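Q: Provided below: input37.txt, containing compact mmCIF, C-alpha atoms.
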# COMPACT_ATOMS: atom_id res chain seq x y z
CA MET A 154 80.81 118.83 107.30
CA LYS A 155 81.94 115.88 109.45
CA ILE A 156 85.45 114.74 108.53
CA LEU A 157 87.24 111.65 109.83
CA ILE A 158 91.04 111.70 109.46
CA THR A 159 92.90 108.42 109.96
CA SER A 160 96.64 108.09 110.53
CA ASP A 161 99.02 105.52 112.00
CA TRP A 162 101.01 108.51 113.28
CA TYR A 163 99.80 111.15 115.71
CA SER A 164 100.97 112.88 118.87
CA PRO A 165 103.20 112.26 120.75
CA ALA A 166 105.10 111.10 117.64
CA VAL A 167 106.91 113.91 115.82
CA ASN A 168 107.22 113.73 112.03
CA GLY A 169 105.89 115.34 108.87
CA VAL A 170 102.70 113.25 108.78
CA VAL A 171 101.78 114.22 112.34
CA THR A 172 102.45 117.89 111.62
CA SER A 173 100.34 117.74 108.47
CA VAL A 174 97.41 115.99 110.21
CA LYS A 175 97.37 118.37 113.17
CA ASN A 176 97.52 121.43 110.93
CA LEU A 177 94.79 120.07 108.65
CA ARG A 178 92.53 119.38 111.62
CA ARG A 179 93.08 122.87 113.01
CA GLY A 180 92.49 124.53 109.64
CA LEU A 181 89.31 122.56 108.98
CA GLU A 182 87.94 123.29 112.45
CA GLU A 183 88.65 126.99 111.94
CA ARG A 184 86.50 126.73 108.80
CA GLY A 185 83.61 125.39 110.89
CA HIS A 186 83.93 121.65 110.25
CA GLU A 187 83.71 118.88 112.84
CA VAL A 188 86.86 116.74 112.71
CA ARG A 189 87.76 113.51 114.46
CA ILE A 190 91.01 111.54 114.34
CA LEU A 191 91.45 107.76 114.29
CA THR A 192 95.01 106.69 115.10
CA LEU A 193 97.17 104.15 116.91
CA SER A 194 98.03 104.44 120.58
CA GLN A 195 101.59 104.05 121.82
CA THR A 196 100.48 101.08 124.00
CA THR A 197 98.18 98.10 123.64
CA ARG A 198 95.37 100.07 125.30
CA SER A 199 92.59 101.73 123.27
CA TRP A 200 90.68 104.86 124.27
CA GLU A 201 89.04 108.05 122.99
CA GLU A 202 89.89 111.57 124.13
CA ASP A 203 89.21 115.08 122.74
CA GLY A 204 87.93 113.78 119.43
CA VAL A 205 90.87 111.40 118.95
CA THR A 206 90.34 107.62 118.98
CA TYR A 207 93.48 105.67 119.86
CA ILE A 208 93.60 101.97 118.92
CA GLY A 209 96.00 99.68 120.80
CA SER A 210 99.15 98.73 118.90
CA VAL A 211 102.63 97.26 119.23
CA ALA A 212 106.00 98.46 117.95
CA ALA A 213 107.02 97.32 114.46
CA GLY A 214 110.45 98.88 114.23
CA LEU A 215 111.73 96.11 111.97
CA VAL A 216 109.40 97.43 109.27
CA TYR A 217 110.32 101.09 109.75
CA PRO A 218 111.81 102.94 112.75
CA GLY A 219 108.99 104.05 115.04
CA ALA A 220 106.29 102.16 113.11
CA ARG A 221 103.44 100.45 114.98
CA LEU A 222 100.88 97.80 114.07
CA ARG A 223 97.32 97.57 115.35
CA THR A 224 96.67 94.65 117.70
CA ALA A 225 93.51 95.58 119.60
CA LEU A 226 90.06 94.75 118.30
CA ALA A 227 88.65 98.02 117.01
CA GLY A 228 84.99 97.05 116.54
CA LYS A 229 83.57 99.16 119.37
CA TYR A 230 85.50 102.25 118.33
CA VAL A 231 84.78 101.82 114.63
CA ARG A 232 81.07 101.46 115.45
CA GLU A 233 81.13 104.72 117.39
CA LEU A 234 82.70 106.50 114.42
CA VAL A 235 80.21 104.92 112.00
CA ASP A 236 77.34 106.08 114.23
CA TRP A 237 78.86 109.58 114.21
CA HIS A 238 78.35 109.36 110.40
CA PRO A 239 81.17 111.37 108.84
CA ASP A 240 80.67 112.81 105.36
CA VAL A 241 84.16 111.85 104.19
CA VAL A 242 87.14 109.82 105.40
CA HIS A 243 90.63 111.19 104.77
CA SER A 244 93.35 108.58 105.35
CA GLN A 245 96.99 109.56 105.80
CA CYS A 246 98.81 106.19 106.04
CA GLU A 247 98.61 102.98 104.02
CA PHE A 248 98.86 100.44 106.83
CA SER A 249 96.87 99.69 110.00
CA THR A 250 94.46 102.63 110.05
CA PHE A 251 94.03 102.51 106.26
CA PHE A 252 92.04 99.28 106.55
CA LEU A 253 89.80 100.87 109.19
CA ALA A 254 89.34 103.95 106.99
CA ARG A 255 88.29 101.77 104.05
CA ARG A 256 85.92 99.76 106.24
CA ILE A 257 84.16 102.88 107.54
CA ALA A 258 83.94 104.50 104.10
CA GLU A 259 82.50 101.34 102.55
CA GLU A 260 79.90 100.83 105.27
CA LEU A 261 78.68 104.43 105.01
CA ASN A 262 79.15 104.66 101.22
CA ILE A 263 81.13 107.88 101.57
CA PRO A 264 84.32 109.01 99.80
CA LEU A 265 87.72 107.78 100.91
CA VAL A 266 90.32 110.45 100.16
CA HIS A 267 93.94 109.47 100.71
CA THR A 268 97.10 111.54 101.11
CA TYR A 269 100.24 109.80 99.84
CA HIS A 270 103.02 111.08 102.10
CA THR A 271 105.87 108.64 101.49
CA VAL A 272 107.88 107.86 98.36
CA TYR A 273 108.41 104.23 99.30
CA GLU A 274 110.99 103.52 96.62
CA ASP A 275 113.36 105.86 98.53
CA TYR A 276 112.93 103.71 101.65
CA THR A 277 113.72 100.28 100.14
CA HIS A 278 116.67 99.85 102.52
CA TYR A 279 114.15 99.31 105.34
CA PHE A 280 112.32 96.36 103.76
CA SER A 281 114.32 94.91 100.86
CA PRO A 282 117.99 94.04 100.25
CA SER A 283 117.35 94.58 96.53
CA VAL A 284 116.73 98.16 95.40
CA ARG A 285 115.24 96.95 92.11
CA PHE A 286 112.80 94.59 93.81
CA GLY A 287 112.01 97.26 96.42
CA LYS A 288 111.03 99.78 93.76
CA LYS A 289 108.79 97.26 92.00
CA ALA A 290 107.16 96.38 95.30
CA ALA A 291 106.62 100.08 96.04
CA ALA A 292 104.86 100.53 92.68
CA VAL A 293 102.60 97.50 93.17
CA PHE A 294 101.76 98.52 96.72
CA SER A 295 101.01 102.12 95.71
CA ARG A 296 98.68 100.98 92.90
CA TRP A 297 96.86 98.69 95.32
CA ALA A 298 96.40 101.45 97.91
CA ALA A 299 95.19 103.95 95.31
CA ALA A 300 92.64 101.44 93.97
CA GLN A 301 90.90 101.42 97.37
CA THR A 302 90.28 105.19 97.28
CA ASP A 303 88.13 107.73 95.48
CA CYS A 304 91.09 110.02 94.90
CA MET A 305 94.64 110.72 96.03
CA ILE A 306 96.21 113.89 97.42
CA VAL A 307 99.95 114.50 97.03
CA PRO A 308 101.98 117.47 98.26
CA THR A 309 103.90 118.13 95.03
CA GLY A 310 103.80 117.58 91.29
CA LYS A 311 106.86 115.33 91.71
CA VAL A 312 104.77 112.77 93.57
CA ARG A 313 101.83 113.01 91.16
CA LEU A 314 104.16 112.16 88.25
CA LEU A 315 105.55 109.24 90.24
CA LEU A 316 102.09 107.81 90.95
CA GLN A 317 101.14 108.22 87.31
CA SER A 318 104.32 106.33 86.32
CA TYR A 319 103.17 103.52 88.63
CA GLY A 320 99.92 103.26 86.69
CA VAL A 321 97.66 104.78 89.35
CA ASP A 322 94.32 105.49 87.67
CA ARG A 323 92.59 107.49 90.41
CA PRO A 324 92.39 111.31 90.29
CA VAL A 325 95.53 112.78 91.92
CA PHE A 326 95.34 116.32 93.34
CA VAL A 327 98.38 118.39 94.30
CA VAL A 328 97.83 120.04 97.69
CA PRO A 329 100.95 121.28 99.51
CA SER A 330 100.78 120.58 103.23
CA GLY A 331 100.33 123.70 105.31
CA ILE A 332 102.07 124.84 108.45
CA ASP A 333 101.25 127.18 111.33
CA LEU A 334 103.17 130.17 110.03
CA GLY A 335 102.68 132.08 113.27
CA ARG A 336 104.91 129.61 115.14
CA PHE A 337 107.87 130.52 112.96
CA ARG A 338 107.38 134.16 112.10
CA GLN A 339 108.18 135.67 115.47
CA GLU A 340 111.30 137.79 115.44
CA PRO A 341 114.21 135.93 117.09
CA ASP A 342 115.18 137.02 120.59
CA PRO A 343 118.88 138.05 120.31
CA TRP A 344 119.55 137.13 123.93
CA ARG A 345 118.03 133.65 123.57
CA MET A 346 119.91 133.10 120.32
CA ALA A 347 123.18 134.06 122.02
CA VAL A 348 122.50 131.68 124.93
CA LEU A 349 121.64 128.79 122.61
CA ARG A 350 124.68 129.41 120.46
CA SER A 351 126.94 129.58 123.50
CA SER A 352 125.48 126.36 124.93
CA LEU A 353 126.57 124.60 121.72
CA ASP A 354 130.05 126.19 121.80
CA ILE A 355 129.54 127.75 118.37
CA PRO A 356 131.97 130.69 117.99
CA PRO A 357 130.30 134.07 117.36
CA GLU A 358 132.09 134.49 114.05
CA ASN A 359 130.96 131.15 112.58
CA LEU A 360 128.42 130.92 109.76
CA VAL A 361 125.79 128.34 110.77
CA LEU A 362 124.32 125.89 108.26
CA VAL A 363 121.31 124.33 109.98
CA SER A 364 119.53 121.09 109.08
CA VAL A 365 116.38 120.02 110.92
CA GLY A 366 114.91 116.53 110.66
CA ARG A 367 115.36 112.81 111.25
CA LEU A 368 118.87 111.43 111.13
CA ALA A 369 118.11 108.62 108.69
CA GLU A 370 119.79 107.13 105.63
CA GLU A 371 117.22 108.48 103.17
CA LYS A 372 117.98 112.08 104.24
CA ASN A 373 121.44 111.88 102.58
CA LEU A 374 123.19 113.60 105.49
CA ASP A 375 126.52 112.05 104.47
CA GLU A 376 126.55 114.53 101.61
CA LEU A 377 126.20 117.47 104.01
CA LEU A 378 129.10 116.12 106.07
CA ALA A 379 131.22 115.78 102.92
CA LEU A 380 130.35 119.31 101.82
CA ARG A 381 131.35 120.67 105.23
CA ALA A 382 134.61 118.71 105.13
CA GLU A 383 135.47 120.34 101.80
CA LEU A 384 135.33 123.75 103.48
CA GLY A 385 138.38 122.80 105.56
CA ASN A 386 139.13 125.24 108.39
CA ALA A 387 136.55 127.81 107.30
CA PRO A 388 134.56 129.31 110.21
CA VAL A 389 131.40 127.35 109.34
CA THR A 390 129.30 125.14 111.62
CA LEU A 391 126.98 122.43 110.31
CA LEU A 392 124.24 122.20 112.95
CA LEU A 393 122.19 118.98 112.76
CA VAL A 394 118.98 119.27 114.77
CA GLY A 395 117.06 116.05 115.33
CA ASP A 396 117.69 112.41 116.07
CA GLY A 397 117.12 109.08 114.38
CA PRO A 398 118.37 105.58 113.59
CA ASP A 399 121.45 106.83 111.70
CA ARG A 400 122.87 109.14 114.36
CA VAL A 401 125.64 106.89 115.69
CA ARG A 402 126.83 106.05 112.18
CA LEU A 403 126.76 109.71 111.14
CA GLU A 404 128.77 110.73 114.19
CA GLY A 405 131.35 108.13 113.19
CA ALA A 406 131.32 109.37 109.60
CA ALA A 407 131.92 112.94 110.79
CA ALA A 408 134.87 111.82 112.89
CA GLY A 409 136.24 109.88 109.91
CA LEU A 410 136.20 113.12 107.90
CA GLY A 411 138.08 114.92 110.65
CA LEU A 412 135.03 116.94 111.64
CA THR A 413 134.67 117.78 115.31
CA ALA A 414 132.74 120.50 117.14
CA PRO A 415 132.24 123.28 116.23
CA ASP A 416 132.68 122.12 112.59
CA VAL A 417 129.69 119.80 113.09
CA VAL A 418 127.28 119.89 116.03
CA PHE A 419 124.73 117.13 116.68
CA ALA A 420 122.06 118.92 118.73
CA GLY A 421 119.69 115.95 119.12
CA MET A 422 115.93 116.24 119.56
CA VAL A 423 114.51 119.57 120.63
CA PRO A 424 111.02 120.39 121.99
CA ALA A 425 108.54 121.04 119.18
CA GLU A 426 107.54 124.38 120.66
CA GLN A 427 111.19 125.55 120.47
CA VAL A 428 112.03 124.38 116.96
CA ALA A 429 111.62 127.88 115.46
CA ASP A 430 114.50 129.07 117.66
CA TRP A 431 116.72 126.33 116.27
CA TYR A 432 115.93 127.25 112.68
CA GLN A 433 116.80 130.85 113.50
CA LEU A 434 120.18 129.82 114.87
CA GLY A 435 121.06 129.14 111.24
CA ASP A 436 122.23 131.64 108.67
CA LEU A 437 121.23 129.16 105.95
CA PHE A 438 119.02 126.06 106.04
CA VAL A 439 120.66 123.16 104.18
CA SER A 440 119.40 119.81 102.92
CA ALA A 441 120.80 117.16 100.59
CA SER A 442 117.69 114.95 100.63
CA THR A 443 115.95 113.85 97.44
CA SER A 444 113.47 111.57 99.22
CA GLU A 445 111.00 114.25 100.27
CA THR A 446 107.43 114.31 99.01
CA GLN A 447 107.32 117.98 99.99
CA GLY A 448 109.69 118.62 102.85
CA LEU A 449 107.90 120.70 105.48
CA THR A 450 111.26 121.65 106.98
CA TYR A 451 112.04 123.75 103.89
CA VAL A 452 108.86 125.74 104.37
CA GLU A 453 109.35 126.03 108.13
CA ALA A 454 112.84 127.42 107.58
CA LEU A 455 111.54 129.99 105.10
CA ALA A 456 108.73 130.98 107.47
CA ALA A 457 111.38 131.50 110.17
CA GLY A 458 113.19 133.90 107.87
CA VAL A 459 116.07 131.54 107.07
CA PRO A 460 117.12 131.35 103.39
CA VAL A 461 117.78 127.84 102.07
CA LEU A 462 120.53 126.07 100.15
CA CYS A 463 119.28 122.62 99.14
CA ARG A 464 120.03 119.89 96.65
CA ALA A 465 117.87 120.41 93.57
CA ASP A 466 114.76 118.23 93.54
CA PRO A 467 111.38 118.47 91.77
CA CYS A 468 109.62 118.81 95.15
CA LEU A 469 111.22 122.27 95.48
CA GLU A 470 109.52 123.70 92.40
CA GLY A 471 107.53 126.72 93.54
CA VAL A 472 109.22 126.68 96.94
CA ILE A 473 112.74 127.97 96.31
CA ARG A 474 113.01 131.14 94.24
CA GLU A 475 116.59 131.16 93.05
CA GLY A 476 118.58 134.05 94.47
CA GLU A 477 115.58 135.48 96.32
CA ASN A 478 114.75 133.17 99.23
CA GLY A 479 117.62 130.76 98.64
CA TRP A 480 119.29 128.48 96.11
CA THR A 481 119.44 124.90 94.91
CA TYR A 482 122.62 123.06 93.99
CA ARG A 483 123.39 120.00 91.87
CA ASP A 484 126.97 119.22 92.82
CA SER A 485 129.68 120.19 95.26
CA ALA A 486 131.07 122.97 93.08
CA GLU A 487 127.66 124.63 92.80
CA PHE A 488 127.12 124.33 96.55
CA GLN A 489 130.46 126.01 97.24
CA ARG A 490 129.78 128.76 94.70
CA LYS A 491 126.36 129.65 96.09
CA LEU A 492 127.54 129.48 99.68
CA ALA A 493 130.36 131.90 98.76
CA LEU A 494 127.81 134.16 97.05
CA PHE A 495 125.70 134.28 100.21
CA GLN A 496 128.74 135.05 102.35
CA SER A 497 129.84 137.84 100.01
CA GLN A 498 126.50 139.68 100.29
CA PRO A 499 125.90 140.35 104.01
CA HIS A 500 124.02 143.54 103.07
CA HIS A 501 121.38 141.36 101.31
CA HIS A 502 120.78 138.94 104.20
CA ALA A 503 117.98 140.94 105.82
CA LYS A 504 116.19 141.28 102.46
CA MET A 505 116.53 137.54 101.79
CA ALA A 506 115.12 136.79 105.23
CA GLU A 507 112.07 138.95 104.52
CA LEU A 508 111.57 137.37 101.08
CA ALA A 509 111.85 133.93 102.72
CA ARG A 510 109.10 134.76 105.24
CA ARG A 511 106.88 136.17 102.51
CA SER A 512 107.33 133.18 100.18
CA ALA A 513 106.15 130.79 102.91
CA GLY A 514 102.70 132.43 102.88
CA GLU A 515 101.45 130.07 100.17
CA PHE A 516 101.80 127.20 102.64
CA SER A 517 99.56 128.47 105.44
CA LEU A 518 97.36 125.93 107.21
CA GLN A 519 94.32 128.04 106.23
CA ARG A 520 95.12 127.63 102.53
CA PHE A 521 95.81 123.94 103.14
CA ALA A 522 92.39 123.38 104.73
CA GLU A 523 90.61 125.37 102.01
CA ARG A 524 92.10 123.18 99.28
CA ALA A 525 91.31 119.95 101.13
CA GLU A 526 87.71 121.06 101.74
CA ALA A 527 87.23 121.70 98.01
CA ILE A 528 88.37 118.14 97.23
CA TYR A 529 86.04 116.66 99.86
CA ARG A 530 83.06 118.51 98.38
CA LEU A 531 83.99 117.41 94.87
CA GLN A 532 84.20 113.74 95.89
CA ILE A 533 80.93 113.92 97.84
CA ALA A 534 79.23 115.44 94.79
CA ARG A 535 80.65 112.72 92.53
CA ARG A 536 79.35 110.03 94.88
CA GLY A 537 75.92 111.70 94.87
CA ASN A 538 75.84 111.93 91.07
CA GLY A 539 76.89 108.29 90.80
CA ALA A 540 74.06 107.21 93.11
CA GLU A 541 71.52 109.21 91.10
CA GLU A 542 72.75 107.69 87.85
CA ALA A 543 72.56 104.18 89.35
CA GLY A 544 69.00 104.86 90.53
CA ALA A 545 68.02 106.08 87.09
Spit out the file's structure as structure tokens when you get a sec.
A:
Amino acid sequence: MKILITSDWYSPAVNGVVTSVKNLRRGLEERGHEVRILTLSQTTRSWEEDGVTYIGSVAAGLVYPGARLRTALAGKYVRELVDWHPDVVHSQCEFSTFFLARRIAEELNIPLVHTYHTVYEDYTHYFSPSVRFGKKAAAVFSRWAAAQTDCMIVPTGKVRLLLQSYGVDRPVFVVPSGIDLGRFRQEPDPWRMAVLRSSLDIPPENLVLVSVGRLAEEKNLDELLALRAELGNAPVTLLLVGDGPDRVRLEGAAAGLGLTAPDVVFAGMVPAEQVADWYQLGDLFVSASTSETQGLTYVEALAAGVPVLCRADPCLEGVIREGENGWTYRDSAEFQRKLALFQSQPHHHAKMAELARRSAGEFSLQRFAERAEAIYRLQIARRGNGAEEAGA
């Protein structure tokens, strides 16, 4: 099968969409399919390389940090992809490349499958001063995008229910995004862990609560800072790995709470190939976000053998097994209670780490690709049946 994947985001950008697209491509190619990517370049220049077509674009950070908008004429490159004649187009973003995906699918009369990655109503602070108006706009926009497609893919049941509440009438399939489990399952090197820990001035006796991801308002990192502040002088380090538009404000918020290193450590961006080491610096992975469609960082932490303690959210159903690979919490008291439970059971930590690794198996990139392939075949068959009925 020939599969065209379109996305506004791709390497060298680092985010959940890019990770999902790269893993899907790898999984599909391992299953024998031919896959090409259509994306935006980080400059105004367009080119094609290694099966990836980059269309010139400009920064659109006022819309969303890191966002880009297509500026270059894409006719030549679209024509090359049309002549390649994919069997299905799988779009991953609703903006610039989405219009190209729709154009190619319409010209070839092939299915347009779309993955809905972003719960836009949780990002209203980027485009609307009114939360109420922002949520209405998100619903209207999501209905419009869905109407252009044959079907939608979402990573969790939480997002399917949301789209249904918006009035989306296309089929919506739940397919959790997969990850390269092998990257995270290697046993940590004690010497490297000790060097990393020392470089951050984290005392050997401190329990480390690690959070990996963008430092942005929708991630609710203020709550993690408040939870750490409530622990007072306890030997606990909150390690925030990543960078983003909210970093300066969060550093100020930490100082306002009286939190200094090693109570809180802002590690900044780390190389993608080293991120497993940073997960494994943690004794527990923590998150207070409720804006995730799936939250690949939860699964990556589990694959790295790090139990999780995260704010309860429907996207975690089937991911966190209470008391086995981690816990969820609903308020500060529950967070403190479950953290104390973890600390009181050091003899269970190795078992929890093993259960965490095992539970991540459901989210392999191989399983991810297998599920996506089944949806492609179903949509192709539906298109074929529709054409036969029209001919009759």
Q: Check the smallest atom-to-atom distance from each of A:Asp240, A:Glu487, A:Glu187, A:Asp375 to Leu393 (chain A) using only C-alpha atoms, then report the winner.
A: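 Of all the options, A:Asp375 lies closest to Leu393 (chain A).
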Q: Can you check which parts of region 263-347 of chain A lie within 10 Å of region 248-256 of chain A? Per residue, the shortest pair of atoms and distance in Å to one decimal, counting only C-alpha atoms, sorted by chain and number, as JSON lines.
A:
{"residue": "A:Ile263", "atom": "CA", "partner": "A:Arg255", "partner_atom": "CA", "distance": 9.7}
{"residue": "A:Pro264", "atom": "CA", "partner": "A:Arg255", "partner_atom": "CA", "distance": 9.3}
{"residue": "A:Leu265", "atom": "CA", "partner": "A:Arg255", "partner_atom": "CA", "distance": 6.8}
{"residue": "A:Val266", "atom": "CA", "partner": "A:Ala254", "partner_atom": "CA", "distance": 9.5}
{"residue": "A:His267", "atom": "CA", "partner": "A:Phe251", "partner_atom": "CA", "distance": 8.9}
{"residue": "A:Ala298", "atom": "CA", "partner": "A:Phe251", "partner_atom": "CA", "distance": 8.7}
{"residue": "A:Gln301", "atom": "CA", "partner": "A:Arg255", "partner_atom": "CA", "distance": 7.2}
{"residue": "A:Thr302", "atom": "CA", "partner": "A:Arg255", "partner_atom": "CA", "distance": 7.8}
Q: Using all atoms listed in the file, which protein or nucleic acid residues come within 12 Å of region 453-455 of chain A? Drop anything in the same chain fewer than 5 positions from it, and give the result as an NGL selection string.
A: :A and (169 or 172 or 330-338 or 362-366 or 428-440 or 447-448 or 460-463 or 472-474 or 477-480 or 505-517)
Q: Give me, as a ChimeraX atom specification, all polymer residues having an atom no more than 9 Å from Leu191 (chain A), counting only C-alpha atoms and skipping those fewer than 3 positions away in the same chain.
A: /A:157-161,204-208,231,234,250,253-254
Q: Distance CA of Val327 (chain A)-CA of Leu315 (chain A), one decimal place?
A: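 Calculated distance between CA of Val327 (chain A) and CA of Leu315 (chain A) is 12.3 Å.
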Q: May I ask which of the residues A:Val389, A:Ala441, A:Leu380, A:Ala369 is the closest one to Pro357 (chain A), counting all atoms listed in the file?
A: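 When distances to Pro357 (chain A) are compared using all atoms listed in the file, the smallest one comes from A:Val389.
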Q: When distances are computed from all atoms listed in the file, which of A:Pro415, A:Gly421, A:Pro329, A:Pro239 shows the smallest separation from Arg189 (chain A)?
A: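 Using all atoms listed in the file, the shortest distance to Arg189 (chain A) belongs to A:Pro239.
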Q: Select, from A:Gly228, A:Pro398, A:Pro308, A:Gly180, the residue with the minimum atom-to-atom distance to Glu370 (chain A), counting all atoms listed in the file.
A: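 For Glu370 (chain A), the nearest of the given residues is A:Pro398.
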Q: Please indicate the distance in Å from CA of Thr450 (chain A) to CA of Arg367 (chain A), rounded to one decimal place.
A: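 Separating CA of Thr450 (chain A) from CA of Arg367 (chain A) is a distance of 10.6 Å.
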Q: Identify which of the residues A:Asp236, A:Asp303, A:Glu340, A:Glu274 lies closest to Phe326 (chain A), counting all atoms listed in the file when measuring atom-to-atom distances.
A: A:Asp303
Q: Which is closer to Gly395 (chain A) than all the others in A:Lys372, A:Lys175, A:Arg221, A:Arg536, using all atoms listed in the file?
A: A:Lys372
Q: Expressed in Å to a single decimal, how great is the separation between CA of Ala299 (chain A) and CA of Asn176 (chain A)?
A: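 Between CA of Ala299 (chain A) and CA of Asn176 (chain A) the gap is 23.6 Å.
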Q: Please return, as an mmCIF file with C-alpha atoms, in the coordinates of the input, all polymer residues that have at least one atom within 7 Å of the point (115.4, 117.7, 119.0); use all atoms listed in the file and the file's own coordinate frame.
A:
data_model
loop_
_atom_site.group_PDB
_atom_site.id
_atom_site.type_symbol
_atom_site.label_atom_id
_atom_site.label_comp_id
_atom_site.auth_asym_id
_atom_site.auth_seq_id
_atom_site.Cartn_x
_atom_site.Cartn_y
_atom_site.Cartn_z
ATOM 1 C CA VAL A 394 118.980 119.270 114.770
ATOM 2 C CA GLY A 395 117.060 116.050 115.330
ATOM 3 C CA ASP A 396 117.690 112.410 116.070
ATOM 4 C CA ALA A 420 122.060 118.920 118.730
ATOM 5 C CA GLY A 421 119.690 115.950 119.120
ATOM 6 C CA MET A 422 115.930 116.240 119.560
ATOM 7 C CA VAL A 423 114.510 119.570 120.630
ATOM 8 C CA PRO A 424 111.020 120.390 121.990
#
Q: Take region 474-513 of chain A from the block and save it with C-alpha atoms, as a compact mmCIF listing (two decimals), in the first residue's frame.
A:
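Result went into result_14.txt, see below:
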# COMPACT_ATOMS: atom_id res chain seq x y z
CA ARG A 474 -3.19 0.64 36.72
CA GLU A 475 -3.76 1.93 40.22
CA GLY A 476 -1.16 0.67 42.67
CA GLU A 477 0.59 -1.45 40.05
CA ASN A 478 2.39 0.86 37.64
CA GLY A 479 1.46 4.08 39.42
CA TRP A 480 -1.41 6.18 40.73
CA THR A 481 -3.72 9.04 39.84
CA TYR A 482 -4.71 11.84 42.20
CA ARG A 483 -7.60 14.30 42.32
CA ASP A 484 -6.45 16.80 44.91
CA SER A 485 -3.44 17.77 46.99
CA ALA A 486 -4.33 15.46 49.88
CA GLU A 487 -4.54 12.44 47.58
CA PHE A 488 -1.23 13.36 45.94
CA GLN A 489 0.48 13.58 49.33
CA ARG A 490 -1.06 10.29 50.48
CA LYS A 491 0.02 8.33 47.42
CA LEU A 492 3.47 9.86 47.39
CA ALA A 493 3.86 8.82 51.05
CA LEU A 494 2.65 5.32 50.14
CA PHE A 495 5.31 5.04 47.44
CA GLN A 496 8.02 6.25 49.82
CA SER A 497 6.94 3.77 52.50
CA GLN A 498 7.32 0.76 50.17
CA PRO A 499 10.92 0.81 48.85
CA HIS A 500 10.84 -3.00 48.67
CA HIS A 501 8.08 -2.73 46.01
CA HIS A 502 9.85 -0.22 43.75
CA ALA A 503 11.62 -2.81 41.59
CA LYS A 504 8.34 -4.70 41.08
CA MET A 505 6.51 -1.49 40.15
CA ALA A 506 9.25 -0.64 37.66
CA GLU A 507 8.86 -4.04 35.99
CA LEU A 508 5.05 -3.73 35.90
CA ALA A 509 5.46 -0.25 34.39
CA ARG A 510 7.67 -1.59 31.58
CA ARG A 511 5.27 -4.45 30.91
CA SER A 512 2.17 -2.23 30.83
CA ALA A 513 3.72 -0.04 28.12
